[in-house]
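Structure file work_1.txt (compact mmCIF, C-alpha atoms) is printed below.
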# COMPACT_ATOMS: atom_id res chain seq x y z
CA TRP A 26 14.51 -2.12 8.33
CA ILE A 27 14.06 1.03 10.39
CA TYR A 28 15.94 3.34 12.69
CA LEU A 29 14.06 4.81 15.62
CA THR A 30 15.31 8.17 16.84
CA ARG A 31 14.26 10.45 19.63
CA ASP A 32 14.74 13.98 18.34
CA ALA A 33 15.05 17.10 20.44
CA VAL A 34 12.54 19.61 19.05
CA GLN A 35 11.31 23.11 19.68
CA ILE A 36 7.56 23.37 19.14
CA PRO A 37 5.77 26.56 17.95
CA SER A 38 5.06 27.65 21.55
CA GLY A 39 8.82 27.91 22.06
CA ASP A 40 8.92 24.96 24.45
CA PHE A 41 11.42 22.14 23.99
CA GLY A 42 10.72 18.46 24.08
CA THR A 43 11.45 15.17 22.38
CA TYR A 44 9.75 13.48 19.48
CA HIS A 45 10.08 9.95 18.13
CA HIS A 46 10.92 9.68 14.45
CA ILE A 47 11.23 6.57 12.28
CA ILE A 48 13.80 6.58 9.49
CA MET A 49 13.20 3.95 6.83
CA ARG A 50 16.25 1.99 5.72
CA GLY A 51 16.95 2.25 2.01
CA GLY A 52 14.92 5.39 1.39
CA HIS A 53 11.32 6.33 1.80
CA ASP A 54 9.54 6.05 -1.56
CA GLY A 55 7.44 2.90 -1.57
CA VAL A 56 4.59 1.88 -3.85
CA VAL A 57 0.90 1.08 -3.55
CA ILE A 58 -0.74 -0.71 -6.46
CA PHE A 59 -4.52 -0.78 -7.07
CA PRO A 60 -4.80 -3.87 -9.30
CA VAL A 61 -7.80 -4.50 -11.54
CA ILE A 62 -8.29 -7.62 -13.67
CA ASP A 63 -11.34 -8.31 -15.84
CA GLY A 64 -13.20 -5.42 -14.21
CA GLN A 65 -12.59 -6.64 -10.65
CA ILE A 66 -10.26 -5.34 -7.96
CA LEU A 67 -7.71 -7.77 -6.54
CA LEU A 68 -7.41 -7.77 -2.76
CA ILE A 69 -4.90 -9.85 -0.87
CA ARG A 70 -5.43 -11.43 2.54
CA HIS A 71 -2.21 -10.55 4.29
CA PHE A 72 -1.15 -11.32 7.85
CA ARG A 73 0.09 -8.12 9.47
CA ASN A 74 2.16 -8.81 12.54
CA ALA A 75 1.83 -5.26 13.89
CA ILE A 76 -1.92 -5.75 14.39
CA ARG A 77 -1.60 -9.51 15.00
CA ASN A 78 -4.38 -10.11 12.51
CA TRP A 79 -5.30 -10.58 8.87
CA SER A 80 -5.84 -7.59 6.60
CA LEU A 81 -7.68 -7.34 3.29
CA GLU A 82 -5.67 -4.89 1.24
CA ILE A 83 -4.07 -4.16 -2.10
CA PRO A 84 -0.39 -4.90 -2.81
CA ARG A 85 2.24 -2.47 -1.63
CA GLY A 86 5.94 -2.49 -0.97
CA ALA A 87 9.03 -0.74 0.27
CA PRO A 88 11.59 0.69 -2.13
CA THR A 89 13.85 -1.76 -3.93
CA SER A 90 17.41 -0.60 -4.48
CA GLY A 91 18.22 0.07 -8.11
CA LEU A 92 14.61 0.06 -9.34
CA SER A 93 12.59 3.06 -10.44
CA VAL A 94 9.34 3.61 -8.58
CA GLU A 95 7.36 2.32 -11.58
CA ASP A 96 9.54 -0.79 -11.89
CA ASN A 97 9.13 -1.33 -8.16
CA ALA A 98 5.34 -1.35 -8.65
CA ARG A 99 5.66 -3.99 -11.35
CA GLN A 100 7.98 -6.04 -9.14
CA GLU A 101 5.57 -5.93 -6.19
CA ILE A 102 2.69 -7.28 -8.30
CA LEU A 103 4.94 -10.05 -9.55
CA GLU A 104 6.19 -10.91 -6.05
CA GLU A 105 2.89 -10.75 -4.17
CA ILE A 106 0.39 -12.26 -6.62
CA GLN A 107 2.54 -13.57 -9.48
CA GLY A 108 0.84 -10.94 -11.62
CA GLU A 109 1.79 -9.14 -14.77
CA ILE A 110 0.81 -5.52 -15.30
CA GLN A 111 -0.61 -4.58 -18.68
CA GLN A 112 -1.06 -0.87 -18.02
CA LEU A 113 0.12 1.30 -15.13
CA GLU A 114 -1.19 4.77 -14.33
CA TYR A 115 0.23 7.05 -11.66
CA LEU A 116 -2.46 8.37 -9.29
CA GLY A 117 -0.39 10.42 -6.86
CA LYS A 118 1.34 10.01 -3.56
CA MET A 119 0.42 9.60 0.05
CA GLU A 120 2.30 10.09 3.30
CA ASN A 121 2.01 6.92 5.30
CA ASN A 122 2.29 8.24 8.82
CA ASN A 123 3.72 11.74 8.70
CA GLY A 124 3.37 12.08 12.46
CA MET A 125 6.04 9.43 12.92
CA ALA A 126 7.86 8.69 9.66
CA ALA A 127 9.00 10.45 6.49
CA GLU A 128 7.63 7.74 4.21
CA THR A 129 6.07 8.60 0.87
CA MET A 130 4.09 5.96 -1.01
CA HIS A 131 3.49 6.38 -4.75
CA VAL A 132 0.02 5.16 -5.70
CA TYR A 133 -0.65 3.42 -9.03
CA PHE A 134 -3.70 2.07 -10.80
CA ALA A 135 -2.78 -1.14 -12.60
CA GLU A 136 -4.63 -3.10 -15.23
CA VAL A 137 -3.35 -6.59 -14.59
CA LYS A 138 -3.41 -9.11 -17.43
CA SER A 139 -2.68 -12.13 -15.27
CA ALA A 140 -2.49 -13.15 -11.63
CA GLY A 141 -1.25 -16.39 -10.14
CA ALA A 142 -0.93 -17.66 -6.60
CA PRO A 143 -0.42 -15.54 -3.49
CA ASN A 144 3.08 -15.35 -2.03
CA LEU A 145 2.73 -17.51 1.08
CA ALA A 146 6.31 -16.69 2.14
CA GLU A 147 5.28 -13.03 2.57
CA GLY A 148 2.27 -13.92 4.72
CA ILE A 149 -0.24 -13.57 1.89
CA GLU A 150 -2.85 -16.29 2.25
CA GLY A 151 -5.19 -15.56 -0.60
CA ILE A 152 -6.34 -13.31 -3.41
CA ARG A 153 -9.93 -12.11 -3.56
CA ARG A 154 -11.67 -10.47 -6.52
CA VAL A 155 -14.29 -7.84 -5.69
CA SER A 156 -16.29 -5.25 -7.59
CA SER A 157 -15.80 -1.56 -6.86
CA GLY A 158 -19.22 -1.54 -5.19
CA GLU A 159 -18.25 -4.46 -2.97
CA LEU A 160 -15.02 -2.72 -1.99
CA ALA A 161 -16.94 0.47 -1.13
CA THR A 162 -19.24 -1.57 1.13
CA MET A 163 -16.28 -3.34 2.73
CA ILE A 164 -14.64 0.02 3.50
CA ARG A 165 -17.90 1.46 4.85
CA LYS A 166 -18.39 -1.59 7.13
CA SER A 167 -14.73 -1.46 8.31
CA GLU A 168 -13.99 -4.85 6.77
CA VAL A 169 -11.19 -3.10 4.86
CA THR A 170 -9.31 -0.70 7.15
CA ASP A 171 -5.91 -0.51 5.45
CA CYS A 172 -5.17 3.17 4.74
CA HIS A 173 -3.25 2.39 1.53
CA THR A 174 -6.25 0.58 0.07
CA ILE A 175 -8.66 3.33 1.09
CA VAL A 176 -6.46 6.10 -0.36
CA ALA A 177 -5.87 4.19 -3.61
CA TYR A 178 -9.60 3.44 -3.93
CA THR A 179 -10.40 7.13 -3.41
CA LEU A 180 -7.81 8.26 -5.97
CA ALA A 181 -9.00 5.69 -8.52
CA GLN A 182 -12.60 6.85 -7.99
CA MET A 183 -11.65 10.53 -8.30
CA ASN A 184 -9.90 9.74 -11.60
CA ASN A 185 -12.91 7.80 -12.94
CA LEU A 186 -10.91 4.58 -13.23
CA LEU A 187 -13.17 2.22 -11.31
CA PRO A 188 -14.97 -0.46 -13.31
Would you put the structure from the file into structure tokens?
Amino acid sequence: WIYLTRDAVQIPSGDFGTYHHIIMRGGHDGVVIFPVIDGQILLIRHFRNAIRNWSLEIPRGAPTSGLSVEDNARQEILEEIQGEIQQLEYLGKMENNNGMAAETMHVYFAEVKSAGAPNLAEGIEGIRRVSSGELATMIRKSEVTDCHTIVAYTLAQMNNLLP
């Protein structure tokens, strides 16, 4: 999935050193989807091995070969929550961890017309519907700490898209 390199670099002071850099296999343009159904935001409860814990977050995914970024967003909703997108609006992009990786995530607001069961095979245990006010409280109380969710929530709010 990734290549880890240790690059030789010259920093602005003129000194030389090394810097770790992650290269994502298959490209670097993933998707983040802020799904809303019947005026409520869909959060997934996803086990994240890196933190060895559960995370409440919105769907996201790595690039899929042969798919446009928009089609990749639709595919992720289908894969993760068996959902179907009615309307998709591009909100912008975010850099995941530009101190370590050249990974750009394209953020979408999605009106979802249906959602099914969570994808247990991907470590998604459940789907939770929350209001925009509830999500704001969850972010403020650090119950939602996923940066993708926080950025997408902020972009949706800035574009007056929140129910």
remark   = Of A:Leu113, A:Ala140, A:Arg154, A:Met49, the one nearest to Asp96 (chain A) when counting all atoms listed in the file is A:Leu113
ask   = So how far away is CA of Asn123 (chain A) from CA of His46 (chain A), in Å?
value = 9.4 Å
ask   = Which residue out of A:His131, A:Asn144, A:Ile110, A:Leu81 has the minimum interatomic distance to Ile164 (chain A) when only C-alpha atoms are used?
value =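 Of all the options, A:Leu81 lies closest to Ile164 (chain A).
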message = Please report the interatomic distance between CA of Thr43 (chain A) and CA of Asn121 (chain A) in Å with one decimal.
response = 21.2 Å
ask   = Which residue out of A:Ile48, A:Val56, A:Ile66, A:Val61 has the minimum interatomic distance to Thr129 (chain A) when all atoms listed in the file are used?
value =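 Selected residue with least distance to Thr129 (chain A): A:Val56.
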task = In Å, rounded to a single decimal, give me how far CA of Asn122 (chain A) is from CA of Glu105 (chain A).
result =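 Calculated distance between CA of Glu105 (chain A) and CA of Asn122 (chain A) is 23.0 Å.
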query = A:Gln100, A:Ser157, A:Ser90, A:Thr30: which is nearest Val57 (chain A), counting all atoms listed in the file?
reply = A:Gln100
inquiry  = as number ranges by chain, please: the residues near Thr179 (chain A) (cut-off 12 Å, only C-alpha atoms, same-chain neighbours under 3 positions excluded).
reply    = A: 59, 116-117, 119, 132-134, 157, 160-161, 164, 172-176, 182-187
For the selection just defined, write its residues with C-alpha atoms to a file, as a CSV table (one decimal), in the frame of the given file.
chain,number,residue,atom,x,y,z
A,59,PHE,CA,-4.5,-0.8,-7.1
A,116,LEU,CA,-2.5,8.4,-9.3
A,117,GLY,CA,-0.4,10.4,-6.9
A,119,MET,CA,0.4,9.6,0.0
A,132,VAL,CA,0.0,5.2,-5.7
A,133,TYR,CA,-0.6,3.4,-9.0
A,134,PHE,CA,-3.7,2.1,-10.8
A,157,SER,CA,-15.8,-1.6,-6.9
A,160,LEU,CA,-15.0,-2.7,-2.0
A,161,ALA,CA,-16.9,0.5,-1.1
A,164,ILE,CA,-14.6,0.0,3.5
A,172,CYS,CA,-5.2,3.2,4.7
A,173,HIS,CA,-3.2,2.4,1.5
A,174,THR,CA,-6.2,0.6,0.1
A,175,ILE,CA,-8.7,3.3,1.1
A,176,VAL,CA,-6.5,6.1,-0.4
A,182,GLN,CA,-12.6,6.8,-8.0
A,183,MET,CA,-11.6,10.5,-8.3
A,184,ASN,CA,-9.9,9.7,-11.6
A,185,ASN,CA,-12.9,7.8,-12.9
A,186,LEU,CA,-10.9,4.6,-13.2
A,187,LEU,CA,-13.2,2.2,-11.3
query = Which is closest to Ala126 (chain A) among A:Phe41, A:Pro88, A:Ile47, A:Ala33, if we use all atoms listed in the file?
reply =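 Of A:Phe41, A:Pro88, A:Ile47, A:Ala33, the one nearest Ala126 (chain A) is A:Ile47, counting all atoms listed in the file.
Compared by their closest atoms to His71 (chain A), and using all atoms listed in the file, the residues A:Pro143, A:Gly148, A:Pro37, A:Gly108 rank with A:Gly148 nearest.
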message = From (8.9, 8.1, -3.5), in the file's coordinates, out to 7 Å: which residues are reached, counting all atoms listed in the file? Answer as a VMD selection string.
response = chain A and resid 53 to 55 94 129 to 131
Exercise: Pro60 (chain A) partners within 8 Å, only C-alpha atoms, chain neighbours under 3 positions left out, as a CSV table (one decimal) with C-alpha atoms, in the frame of the given file:
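Saved the output as result_9.csv:
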chain,number,residue,atom,x,y,z
A,66,ILE,CA,-10.3,-5.3,-8.0
A,67,LEU,CA,-7.7,-7.8,-6.5
A,83,ILE,CA,-4.1,-4.2,-2.1
A,84,PRO,CA,-0.4,-4.9,-2.8
A,134,PHE,CA,-3.7,2.1,-10.8
A,135,ALA,CA,-2.8,-1.1,-12.6
A,136,GLU,CA,-4.6,-3.1,-15.2
A,137,VAL,CA,-3.4,-6.6,-14.6
